[in-house]
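Trainee: Okay, so here is coords.csv, and as you'll see once you scroll down, it has CSV, N, CA and C atoms.
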chain,number,residue,atom,x,y,z
A,19,GLN,N,4.8,-2.7,-19.5
A,19,GLN,CA,5.0,-3.4,-18.3
A,19,GLN,C,5.3,-2.4,-17.2
A,20,VAL,N,4.7,-2.7,-16.0
A,20,VAL,CA,4.9,-1.9,-14.8
A,20,VAL,C,5.4,-2.8,-13.7
A,21,ARG,N,6.5,-2.4,-13.0
A,21,ARG,CA,7.0,-3.2,-11.9
A,21,ARG,C,6.9,-2.3,-10.6
A,22,LEU,N,6.6,-3.0,-9.6
A,22,LEU,CA,6.4,-2.4,-8.3
A,22,LEU,C,7.4,-3.0,-7.3
A,23,VAL,N,8.1,-2.2,-6.5
A,23,VAL,CA,9.0,-2.7,-5.5
A,23,VAL,C,8.7,-2.0,-4.2
A,24,GLU,N,8.3,-2.8,-3.2
A,24,GLU,CA,8.0,-2.2,-1.9
A,24,GLU,C,9.2,-2.3,-1.0
A,25,SER,N,9.2,-1.5,0.0
A,25,SER,CA,10.2,-1.5,1.1
A,25,SER,C,9.6,-0.8,2.3
A,26,GLY,N,10.2,-1.0,3.5
A,26,GLY,CA,9.8,-0.3,4.7
A,26,GLY,C,9.2,-1.1,5.7
A,27,GLY,N,8.9,-2.4,5.4
A,27,GLY,CA,8.3,-3.2,6.5
A,27,GLY,C,9.3,-3.5,7.6
A,28,GLY,N,8.8,-4.1,8.6
A,28,GLY,CA,9.6,-4.5,9.7
A,28,GLY,C,8.9,-4.8,11.0
A,29,LEU,N,9.6,-4.9,12.1
A,29,LEU,CA,9.0,-5.2,13.4
A,29,LEU,C,8.9,-3.9,14.1
A,30,VAL,N,7.8,-3.6,14.7
A,30,VAL,CA,7.6,-2.4,15.5
A,30,VAL,C,6.6,-2.7,16.7
A,31,GLN,N,6.8,-2.0,17.7
A,31,GLN,CA,6.0,-2.2,18.9
A,31,GLN,C,4.6,-1.5,18.7
A,32,ALA,N,3.6,-2.0,19.3
A,32,ALA,CA,2.3,-1.3,19.3
A,32,ALA,C,2.4,0.1,19.7
A,33,GLY,N,1.7,1.0,18.9
A,33,GLY,CA,1.8,2.4,19.1
A,33,GLY,C,2.9,3.1,18.2
A,34,GLY,N,3.7,2.3,17.6
A,34,GLY,CA,4.8,2.9,16.8
A,34,GLY,C,4.3,3.2,15.4
A,35,SER,N,5.3,3.6,14.6
A,35,SER,CA,5.0,4.0,13.2
A,35,SER,C,5.9,3.4,12.2
A,36,LEU,N,5.5,3.2,11.0
A,36,LEU,CA,6.3,2.8,9.9
A,36,LEU,C,5.8,3.5,8.6
A,37,ARG,N,6.8,3.7,7.7
A,37,ARG,CA,6.4,4.2,6.4
A,37,ARG,C,6.8,3.2,5.4
A,38,LEU,N,5.9,2.8,4.6
A,38,LEU,CA,6.1,1.9,3.5
A,38,LEU,C,6.3,2.7,2.2
A,39,SER,N,7.2,2.2,1.3
A,39,SER,CA,7.4,2.8,0.1
A,39,SER,C,7.2,1.8,-1.1
A,40,CYS,N,6.7,2.3,-2.2
A,40,CYS,CA,6.5,1.5,-3.4
A,40,CYS,C,7.0,2.3,-4.6
A,41,VAL,N,8.0,1.8,-5.2
A,41,VAL,CA,8.6,2.5,-6.4
A,41,VAL,C,8.1,1.8,-7.6
A,42,ALA,N,7.5,2.5,-8.5
A,42,ALA,CA,7.0,2.0,-9.8
A,42,ALA,C,8.0,2.3,-10.9
A,43,SER,N,8.2,1.3,-11.8
A,43,SER,CA,9.1,1.5,-12.9
A,43,SER,C,8.4,0.9,-14.1
A,44,GLY,N,9.0,1.2,-15.3
A,44,GLY,CA,8.4,0.7,-16.5
A,44,GLY,C,7.4,1.7,-17.1
A,45,SER,N,6.3,1.2,-17.6
A,45,SER,CA,5.3,2.1,-18.3
A,45,SER,C,4.4,2.8,-17.4
A,46,ILE,N,5.0,3.7,-16.6
A,46,ILE,CA,4.2,4.3,-15.5
A,46,ILE,C,3.1,5.2,-16.0
A,47,SER,N,3.2,5.6,-17.3
A,47,SER,CA,2.1,6.4,-17.8
A,47,SER,C,0.8,5.6,-17.9
A,48,MET,N,0.9,4.3,-17.8
A,48,MET,CA,-0.3,3.4,-17.8
A,48,MET,C,-1.0,3.4,-16.4
A,49,ILE,N,-0.4,3.9,-15.4
A,49,ILE,CA,-1.0,3.8,-14.0
A,49,ILE,C,-2.1,4.8,-13.8
A,50,ASN,N,-3.3,4.4,-13.4
A,50,ASN,CA,-4.4,5.2,-13.1
A,50,ASN,C,-4.6,5.4,-11.6
A,51,ALA,N,-4.1,4.5,-10.8
A,51,ALA,CA,-4.3,4.6,-9.4
A,51,ALA,C,-3.2,3.6,-8.7
A,52,MET,N,-2.9,4.0,-7.5
A,52,MET,CA,-2.0,3.1,-6.7
A,52,MET,C,-2.6,2.9,-5.3
A,53,GLY,N,-2.3,1.8,-4.8
A,53,GLY,CA,-2.9,1.5,-3.5
A,53,GLY,C,-2.1,0.5,-2.7
A,54,TRP,N,-2.5,0.4,-1.5
A,54,TRP,CA,-1.9,-0.6,-0.6
A,54,TRP,C,-2.9,-1.6,-0.1
A,55,TYR,N,-2.6,-2.8,-0.1
A,55,TYR,CA,-3.4,-3.9,0.4
A,55,TYR,C,-2.6,-4.7,1.5
A,56,ARG,N,-3.3,-5.4,2.3
A,56,ARG,CA,-2.6,-6.3,3.2
A,56,ARG,C,-3.3,-7.6,3.3
A,57,GLN,N,-2.5,-8.6,3.7
A,57,GLN,CA,-3.1,-9.9,4.0
A,57,GLN,C,-2.4,-10.5,5.2
A,58,ALA,N,-3.3,-10.8,6.2
A,58,ALA,CA,-2.8,-11.4,7.4
A,58,ALA,C,-3.0,-12.9,7.3
A,59,PRO,N,-2.2,-13.7,8.1
A,59,PRO,CA,-2.3,-15.1,8.0
A,59,PRO,C,-3.8,-15.6,8.2
A,60,GLY,N,-4.2,-16.4,7.2
A,60,GLY,CA,-5.5,-17.0,7.3
A,60,GLY,C,-6.6,-16.1,6.9
A,61,ARG,N,-6.3,-14.9,6.4
A,61,ARG,CA,-7.3,-14.0,6.0
A,61,ARG,C,-7.2,-13.6,4.5
A,62,GLN,N,-8.2,-13.0,4.0
A,62,GLN,CA,-8.2,-12.5,2.6
A,62,GLN,C,-7.4,-11.2,2.5
A,63,ARG,N,-6.9,-11.0,1.4
A,63,ARG,CA,-6.2,-9.7,1.1
A,63,ARG,C,-7.3,-8.6,1.1
A,64,GLU,N,-7.0,-7.5,1.8
A,64,GLU,CA,-7.9,-6.4,1.9
A,64,GLU,C,-7.3,-5.1,1.6
A,65,LEU,N,-8.1,-4.2,1.1
A,65,LEU,CA,-7.6,-2.8,0.8
A,65,LEU,C,-7.3,-2.1,2.1
A,66,VAL,N,-6.2,-1.4,2.1
A,66,VAL,CA,-5.8,-0.5,3.2
A,66,VAL,C,-6.1,1.0,2.8
A,67,ALA,N,-5.5,1.3,1.6
A,67,ALA,CA,-5.7,2.7,1.2
A,67,ALA,C,-5.4,2.7,-0.3
A,68,ALA,N,-6.0,3.7,-1.0
A,68,ALA,CA,-5.8,3.8,-2.4
A,68,ALA,C,-5.8,5.3,-2.8
A,69,ASN,N,-5.2,5.6,-3.9
A,69,ASN,CA,-5.1,7.0,-4.4
A,69,ASN,C,-5.1,7.0,-5.9
A,70,THR,N,-6.0,7.8,-6.5
A,70,THR,CA,-6.1,7.8,-7.9
A,70,THR,C,-5.3,9.0,-8.4
A,71,ASN,N,-5.1,9.0,-9.7
A,71,ASN,CA,-4.3,10.1,-10.4
A,71,ASN,C,-5.0,11.4,-10.2
A,72,SER,N,-6.3,11.4,-10.0
A,72,SER,CA,-7.0,12.7,-9.8
A,72,SER,C,-6.9,13.2,-8.3
A,73,GLY,N,-6.3,12.4,-7.5
A,73,GLY,CA,-6.1,12.8,-6.1
A,73,GLY,C,-7.1,12.2,-5.1
A,74,ARG,N,-8.0,11.5,-5.6
A,74,ARG,CA,-9.0,10.9,-4.7
A,74,ARG,C,-8.4,9.7,-3.9
A,75,THR,N,-8.7,9.7,-2.6
A,75,THR,CA,-8.2,8.7,-1.8
A,75,THR,C,-9.3,8.0,-1.0
A,76,ASN,N,-9.1,6.8,-0.7
A,76,ASN,CA,-10.0,6.1,0.2
A,76,ASN,C,-9.2,5.1,1.1
A,77,TYR,N,-9.8,4.9,2.3
A,77,TYR,CA,-9.1,4.2,3.3
A,77,TYR,C,-10.1,3.1,3.9
A,78,ALA,N,-9.5,2.0,4.3
A,78,ALA,CA,-10.3,1.1,5.1
A,78,ALA,C,-10.7,1.7,6.4
A,79,ASP,N,-11.9,1.4,6.9
A,79,ASP,CA,-12.3,2.0,8.2
A,79,ASP,C,-11.3,1.7,9.3
A,80,SER,N,-10.7,0.5,9.2
A,80,SER,CA,-9.8,0.1,10.3
A,80,SER,C,-8.6,0.9,10.4
A,81,VAL,N,-8.2,1.7,9.4
A,81,VAL,CA,-7.0,2.4,9.4
A,81,VAL,C,-7.2,3.9,9.3
A,82,LYS,N,-8.5,4.4,9.1
A,82,LYS,CA,-8.8,5.8,9.0
A,82,LYS,C,-8.3,6.5,10.3
A,83,GLY,N,-7.6,7.6,10.0
A,83,GLY,CA,-7.0,8.4,11.1
A,83,GLY,C,-5.7,8.0,11.5
A,84,ARG,N,-5.2,6.8,11.1
A,84,ARG,CA,-3.9,6.3,11.5
A,84,ARG,C,-3.0,6.1,10.3
A,85,CYS,N,-3.5,6.0,9.1
A,85,CYS,CA,-2.7,5.8,7.9
A,85,CYS,C,-2.9,6.9,6.9
A,86,THR,N,-1.9,7.2,6.2
A,86,THR,CA,-2.0,8.2,5.1
A,86,THR,C,-1.2,7.7,3.9
A,87,ILE,N,-2.0,7.7,2.8
A,87,ILE,CA,-1.3,7.3,1.5
A,87,ILE,C,-0.9,8.6,0.8
A,88,SER,N,0.2,8.6,0.1
A,88,SER,CA,0.7,9.7,-0.7
A,88,SER,C,1.5,9.2,-1.8
A,89,ARG,N,1.6,10.1,-2.8
A,89,ARG,CA,2.3,9.7,-4.0
A,89,ARG,C,3.2,10.9,-4.4
A,90,VAL,N,4.4,10.6,-4.8
A,90,VAL,CA,5.3,11.6,-5.3
A,90,VAL,C,5.6,11.2,-6.8
A,91,ASN,N,5.0,12.0,-7.7
A,91,ASN,CA,5.2,11.6,-9.1
A,91,ASN,C,6.6,11.8,-9.6
A,92,ALA,N,7.4,12.7,-9.0
A,92,ALA,CA,8.7,13.0,-9.4
A,92,ALA,C,9.6,11.7,-9.3
A,93,ASN,N,9.3,10.9,-8.3
A,93,ASN,CA,10.2,9.7,-8.2
A,93,ASN,C,9.3,8.4,-8.3
A,94,ASN,N,8.1,8.6,-8.8
A,94,ASN,CA,7.2,7.4,-9.1
A,94,ASN,C,7.1,6.5,-7.9
A,95,THR,N,6.8,7.2,-6.8
A,95,THR,CA,6.8,6.4,-5.5
A,95,THR,C,5.4,6.7,-4.8
A,96,ALA,N,4.9,5.6,-4.2
A,96,ALA,CA,3.7,5.8,-3.4
A,96,ALA,C,4.2,5.4,-2.0
A,97,TYR,N,3.6,6.1,-1.0
A,97,TYR,CA,4.0,5.8,0.4
A,97,TYR,C,2.7,5.5,1.2
A,98,LEU,N,3.0,4.8,2.2
A,98,LEU,CA,1.9,4.5,3.2
A,98,LEU,C,2.5,4.8,4.6
A,99,GLN,N,2.1,5.9,5.2
A,99,GLN,CA,2.5,6.3,6.5
A,99,GLN,C,1.5,5.6,7.5
A,100,MET,N,2.1,4.8,8.4
A,100,MET,CA,1.2,4.1,9.4
A,100,MET,C,1.6,4.6,10.8
A,101,ASN,N,0.7,5.1,11.5
A,101,ASN,CA,0.9,5.5,12.9
A,101,ASN,C,0.0,4.8,13.8
A,102,SER,N,0.3,4.8,15.1
A,102,SER,CA,-0.5,4.2,16.1
A,102,SER,C,-0.7,2.7,15.8
A,103,LEU,N,0.3,2.0,15.4
A,103,LEU,CA,0.1,0.7,14.9
A,103,LEU,C,-0.4,-0.3,16.0
A,104,LYS,N,-1.2,-1.2,15.6
A,104,LYS,CA,-1.8,-2.2,16.5
A,104,LYS,C,-1.3,-3.6,16.1
A,105,PRO,N,-1.4,-4.5,17.0
A,105,PRO,CA,-1.0,-5.9,16.6
A,105,PRO,C,-1.8,-6.4,15.5
A,106,GLU,N,-3.1,-6.0,15.4
A,106,GLU,CA,-4.0,-6.5,14.3
A,106,GLU,C,-3.6,-5.9,13.0
A,107,ASP,N,-2.6,-5.0,12.9
A,107,ASP,CA,-2.1,-4.5,11.7
A,107,ASP,C,-1.1,-5.4,11.1
A,108,THR,N,-0.7,-6.4,11.8
A,108,THR,CA,0.3,-7.3,11.4
A,108,THR,C,-0.2,-8.1,10.1
A,109,ALA,N,0.6,-8.0,9.1
A,109,ALA,CA,0.3,-8.5,7.8
A,109,ALA,C,1.4,-8.3,6.8
A,110,VAL,N,1.3,-9.0,5.6
A,110,VAL,CA,2.1,-8.7,4.5
A,110,VAL,C,1.4,-7.6,3.7
A,111,TYR,N,2.1,-6.5,3.5
A,111,TYR,CA,1.5,-5.3,2.8
A,111,TYR,C,2.0,-5.4,1.3
A,112,TYR,N,1.0,-5.2,0.4
A,112,TYR,CA,1.3,-5.3,-1.0
A,112,TYR,C,0.9,-3.9,-1.6
A,113,CYS,N,1.8,-3.5,-2.5
A,113,CYS,CA,1.5,-2.3,-3.3
A,113,CYS,C,0.8,-2.8,-4.6
A,114,ASN,N,-0.2,-2.0,-5.0
A,114,ASN,CA,-1.0,-2.3,-6.2
A,114,ASN,C,-1.1,-1.1,-7.1
A,115,ALA,N,-1.0,-1.4,-8.4
A,115,ALA,CA,-1.2,-0.3,-9.4
A,115,ALA,C,-2.3,-0.8,-10.4
A,116,ARG,N,-3.3,0.1,-10.5
A,116,ARG,CA,-4.3,-0.2,-11.5
A,116,ARG,C,-3.9,0.6,-12.8
A,117,LEU,N,-3.9,-0.2,-13.9
A,117,LEU,CA,-3.5,0.3,-15.2
A,117,LEU,C,-4.6,0.5,-16.2
A,118,ASN,N,-4.3,1.0,-17.3
A,118,ASN,CA,-5.3,1.1,-18.4
A,118,ASN,C,-5.9,-0.3,-18.7
A,119,TRP,N,-7.1,-0.3,-19.3
A,119,TRP,CA,-7.7,-1.5,-19.8
A,119,TRP,C,-8.0,-2.5,-18.7
A,120,GLY,N,-8.1,-2.0,-17.4
A,120,GLY,CA,-8.5,-2.9,-16.3
A,120,GLY,C,-7.4,-3.8,-15.8
A,121,LEU,N,-6.2,-3.6,-16.2
A,121,LEU,CA,-5.1,-4.4,-15.8
A,121,LEU,C,-4.6,-3.9,-14.4
A,122,GLU,N,-4.0,-4.8,-13.7
A,122,GLU,CA,-3.4,-4.3,-12.4
A,122,GLU,C,-2.1,-5.1,-12.1
A,123,VAL,N,-1.2,-4.5,-11.4
A,123,VAL,CA,0.1,-5.1,-11.1
A,123,VAL,C,0.2,-5.1,-9.5
A,124,TRP,N,0.9,-6.1,-9.0
A,124,TRP,CA,1.2,-6.2,-7.6
A,124,TRP,C,2.7,-6.2,-7.4
A,125,GLY,N,3.1,-5.7,-6.2
A,125,GLY,CA,4.4,-5.8,-5.8
A,125,GLY,C,4.6,-7.2,-5.1
A,126,GLN,N,5.8,-7.4,-4.6
A,126,GLN,CA,6.1,-8.7,-4.0
A,126,GLN,C,5.7,-8.8,-2.5
A,127,GLY,N,5.4,-7.6,-1.9
A,127,GLY,CA,4.9,-7.6,-0.5
A,127,GLY,C,6.0,-7.3,0.4
A,128,THR,N,5.7,-6.7,1.5
A,128,THR,CA,6.6,-6.4,2.6
A,128,THR,C,5.9,-6.7,3.9
A,129,LEU,N,6.6,-7.4,4.8
A,129,LEU,CA,6.0,-7.9,6.1
A,129,LEU,C,6.1,-6.8,7.1
A,130,VAL,N,4.9,-6.5,7.7
A,130,VAL,CA,4.8,-5.6,8.9
A,130,VAL,C,4.4,-6.5,10.1
A,131,THR,N,5.2,-6.4,11.1
A,131,THR,CA,4.8,-7.2,12.4
A,131,THR,C,4.8,-6.2,13.5
A,132,VAL,N,3.6,-6.1,14.2
A,132,VAL,CA,3.4,-5.2,15.3
A,132,VAL,C,3.3,-6.1,16.6
A,133,SER,N,4.2,-5.9,17.5
A,133,SER,CA,4.3,-6.6,18.7
A,133,SER,C,3.5,-5.9,19.8
A,134,SER,N,2.9,-6.7,20.7
A,134,SER,CA,2.1,-6.1,21.7
A,134,SER,C,2.9,-5.8,23.0
Give the structure from the file, written as structure tokens.
Mentor:
Amino acid sequence: QVRLVESGGGLVQAGGSLRLSCVASGSISMINAMGWYRQAPGRQRELVAANTNSGRTNYADSVKGRCTISRVNANNTAYLQMNSLKPEDTAVYYCNARLNWGLEVWGQGTLVTVSS
């Protein structure tokens, strides 16, 4: 079992920054990749950024140049640094871990609200 706990969401003005954190616990050796997704009201959940164990990363076009995903293995934490935030970035952000055998785990989500 793997458990993910996010933190770092909140209210920020447009142009501001936030850093989200996701701490993994449990059978972390099963994790192959970690990522961040978001879901805005009335919209489908979408990928924001992902990072594999080999270091490969990918970003949604909408956040390229503004967001950076990173992982610190020493504390089993994935981060999402978000800069130049826009109102359209407002969403619940979810941490995701892809495990062996095609399994995946989700965190509970953290709300990011960007005011104009």
Trainee: Restricting the calculation to only N, CA and C atoms: of A:Gly27, A:Asp107, A:Val66, A:Leu98, which residue gets closest to Trp54 of chain A?
Mentor: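 Between A:Gly27, A:Asp107, A:Val66, A:Leu98, the residue approaching Trp54 of chain A most closely is A:Val66.
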Trainee: Output as lines of an AutoDock Vina configuration file the centre and edge lengths (Å, one decimal) of the box along x, y and z of the file that holds every listed atom of segment 103-120 of chain A after adding 5 Å on each side.
Mentor:
center_x = -3.2
center_y = -3.5
center_z = -1.4
size_x = 20.6
size_y = 21.0
size_z = 46.8
Trainee: What are the DSSP strand (DSSP E or B) residues of chain A, as a PyMOL selection string?
Mentor: chain A and resi 20-25+28-31+36-44+49-57+64-70+75-77+85-90+95-100+109-117+122-124+128-133
Trainee: Identify which of the residues A:Leu121, A:Tyr97, A:Ser102, A:Gly83 lies closest to Cys40 of chain A, counting only N, CA and C atoms when measuring atom-to-atom distances.
Mentor: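 Comparing A:Leu121, A:Tyr97, A:Ser102, A:Gly83 against Cys40 of chain A, the winner is A:Tyr97.
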Trainee: Tell me which of A:Leu22, A:Val123, A:Ala96, A:Ala67 sits closest to Arg84 of chain A, counting only C-alpha atoms.
Mentor: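 Smallest separation from Arg84 of chain A among the options: A:Ala67.
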Trainee: Find the distance between atom CA of Cys85 of chain A and atom CA of Ser43 of chain A and write it in Å to one decimal.
Mentor: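 Separation of atom CA of Cys85 of chain A and atom CA of Ser43 of chain A: 24.3 Å.
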Trainee: Please determine the residues with any atom at most 6 Å from (10.3, -5.8, 5.8) (coordinates as given in the file, with only N, CA and C atoms counting) and report them as a list in words.
Mentor: Gly26, Gly27, Gly28, Thr128, Leu129 and Val130 of chain A
Trainee: My list of candidates is A:Leu38, A:Leu65, A:Val132, A:Val81. Which is closest to Ala109 of chain A when distances are computed with all atoms listed in the file?
Mentor: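 Smallest distance to Ala109 of chain A is found for A:Val132.
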Trainee: Compute the distance from (0.3, -8.8, 5.4) to each atom, counting only C-alpha atoms, keep the residues with any atom at most 9 Å away, and return them as a PDB file with N, CA and C atoms, in the frame of the given file; use the coordinates of the file.
Mentor:
ATOM      1  N   TYR A  55      -2.600  -2.800  -0.100  1.00  0.00           N
ATOM      2  CA  TYR A  55      -3.400  -3.900   0.400  1.00  0.00           C
ATOM      3  C   TYR A  55      -2.600  -4.700   1.500  1.00  0.00           C
ATOM      4  N   ARG A  56      -3.300  -5.400   2.300  1.00  0.00           N
ATOM      5  CA  ARG A  56      -2.600  -6.300   3.200  1.00  0.00           C
ATOM      6  C   ARG A  56      -3.300  -7.600   3.300  1.00  0.00           C
ATOM      7  N   GLN A  57      -2.500  -8.600   3.700  1.00  0.00           N
ATOM      8  CA  GLN A  57      -3.100  -9.900   4.000  1.00  0.00           C
ATOM      9  C   GLN A  57      -2.400 -10.500   5.200  1.00  0.00           C
ATOM     10  N   ALA A  58      -3.300 -10.800   6.200  1.00  0.00           N
ATOM     11  CA  ALA A  58      -2.800 -11.400   7.400  1.00  0.00           C
ATOM     12  C   ALA A  58      -3.000 -12.900   7.300  1.00  0.00           C
ATOM     13  N   PRO A  59      -2.200 -13.700   8.100  1.00  0.00           N
ATOM     14  CA  PRO A  59      -2.300 -15.100   8.000  1.00  0.00           C
ATOM     15  C   PRO A  59      -3.800 -15.600   8.200  1.00  0.00           C
ATOM     16  N   ARG A  63      -6.900 -11.000   1.400  1.00  0.00           N
ATOM     17  CA  ARG A  63      -6.200  -9.700   1.100  1.00  0.00           C
ATOM     18  C   ARG A  63      -7.300  -8.600   1.100  1.00  0.00           C
ATOM     19  N   ASP A 107      -2.600  -5.000  12.900  1.00  0.00           N
ATOM     20  CA  ASP A 107      -2.100  -4.500  11.700  1.00  0.00           C
ATOM     21  C   ASP A 107      -1.100  -5.400  11.100  1.00  0.00           C
ATOM     22  N   THR A 108      -0.700  -6.400  11.800  1.00  0.00           N
ATOM     23  CA  THR A 108       0.300  -7.300  11.400  1.00  0.00           C
ATOM     24  C   THR A 108      -0.200  -8.100  10.100  1.00  0.00           C
ATOM     25  N   ALA A 109       0.600  -8.000   9.100  1.00  0.00           N
ATOM     26  CA  ALA A 109       0.300  -8.500   7.800  1.00  0.00           C
ATOM     27  C   ALA A 109       1.400  -8.300   6.800  1.00  0.00           C
ATOM     28  N   VAL A 110       1.300  -9.000   5.600  1.00  0.00           N
ATOM     29  CA  VAL A 110       2.100  -8.700   4.500  1.00  0.00           C
ATOM     30  C   VAL A 110       1.400  -7.600   3.700  1.00  0.00           C
ATOM     31  N   TYR A 111       2.100  -6.500   3.500  1.00  0.00           N
ATOM     32  CA  TYR A 111       1.500  -5.300   2.800  1.00  0.00           C
ATOM     33  C   TYR A 111       2.000  -5.400   1.300  1.00  0.00           C
ATOM     34  N   TYR A 112       1.000  -5.200   0.400  1.00  0.00           N
ATOM     35  CA  TYR A 112       1.300  -5.300  -1.000  1.00  0.00           C
ATOM     36  C   TYR A 112       0.900  -3.900  -1.600  1.00  0.00           C
ATOM     37  N   GLY A 127       5.400  -7.600  -1.900  1.00  0.00           N
ATOM     38  CA  GLY A 127       4.900  -7.600  -0.500  1.00  0.00           C
ATOM     39  C   GLY A 127       6.000  -7.300   0.400  1.00  0.00           C
ATOM     40  N   THR A 128       5.700  -6.700   1.500  1.00  0.00           N
ATOM     41  CA  THR A 128       6.600  -6.400   2.600  1.00  0.00           C
ATOM     42  C   THR A 128       5.900  -6.700   3.900  1.00  0.00           C
ATOM     43  N   LEU A 129       6.600  -7.400   4.800  1.00  0.00           N
ATOM     44  CA  LEU A 129       6.000  -7.900   6.100  1.00  0.00           C
ATOM     45  C   LEU A 129       6.100  -6.800   7.100  1.00  0.00           C
ATOM     46  N   VAL A 130       4.900  -6.500   7.700  1.00  0.00           N
ATOM     47  CA  VAL A 130       4.800  -5.600   8.900  1.00  0.00           C
ATOM     48  C   VAL A 130       4.400  -6.500  10.100  1.00  0.00           C
ATOM     49  N   THR A 131       5.200  -6.400  11.100  1.00  0.00           N
ATOM     50  CA  THR A 131       4.800  -7.200  12.400  1.00  0.00           C
ATOM     51  C   THR A 131       4.800  -6.200  13.500  1.00  0.00           C
TER      52      THR A 131
END
Trainee: By how many Å are atom CA of Ser35 of chain A and atom CA of Arg61 of chain A apart?
Mentor: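 According to the coordinates, atom CA of Ser35 of chain A and atom CA of Arg61 of chain A are separated by 23.0 Å.
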Trainee: Using only N, CA and C atoms, can you tell me which of A:Leu103, A:Ile46, A:Ala92, A:Ala68 comes closest to Ser133 of chain A?
Mentor: A:Leu103
Trainee: Would you please work out which residue, of A:Arg21, A:Ala78, A:Thr95, A:Gly44, is nearest to Gln126 of chain A when using all atoms listed in the file?
Mentor: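 Among A:Arg21, A:Ala78, A:Thr95, A:Gly44, it is A:Arg21 that comes nearest to Gln126 of chain A.
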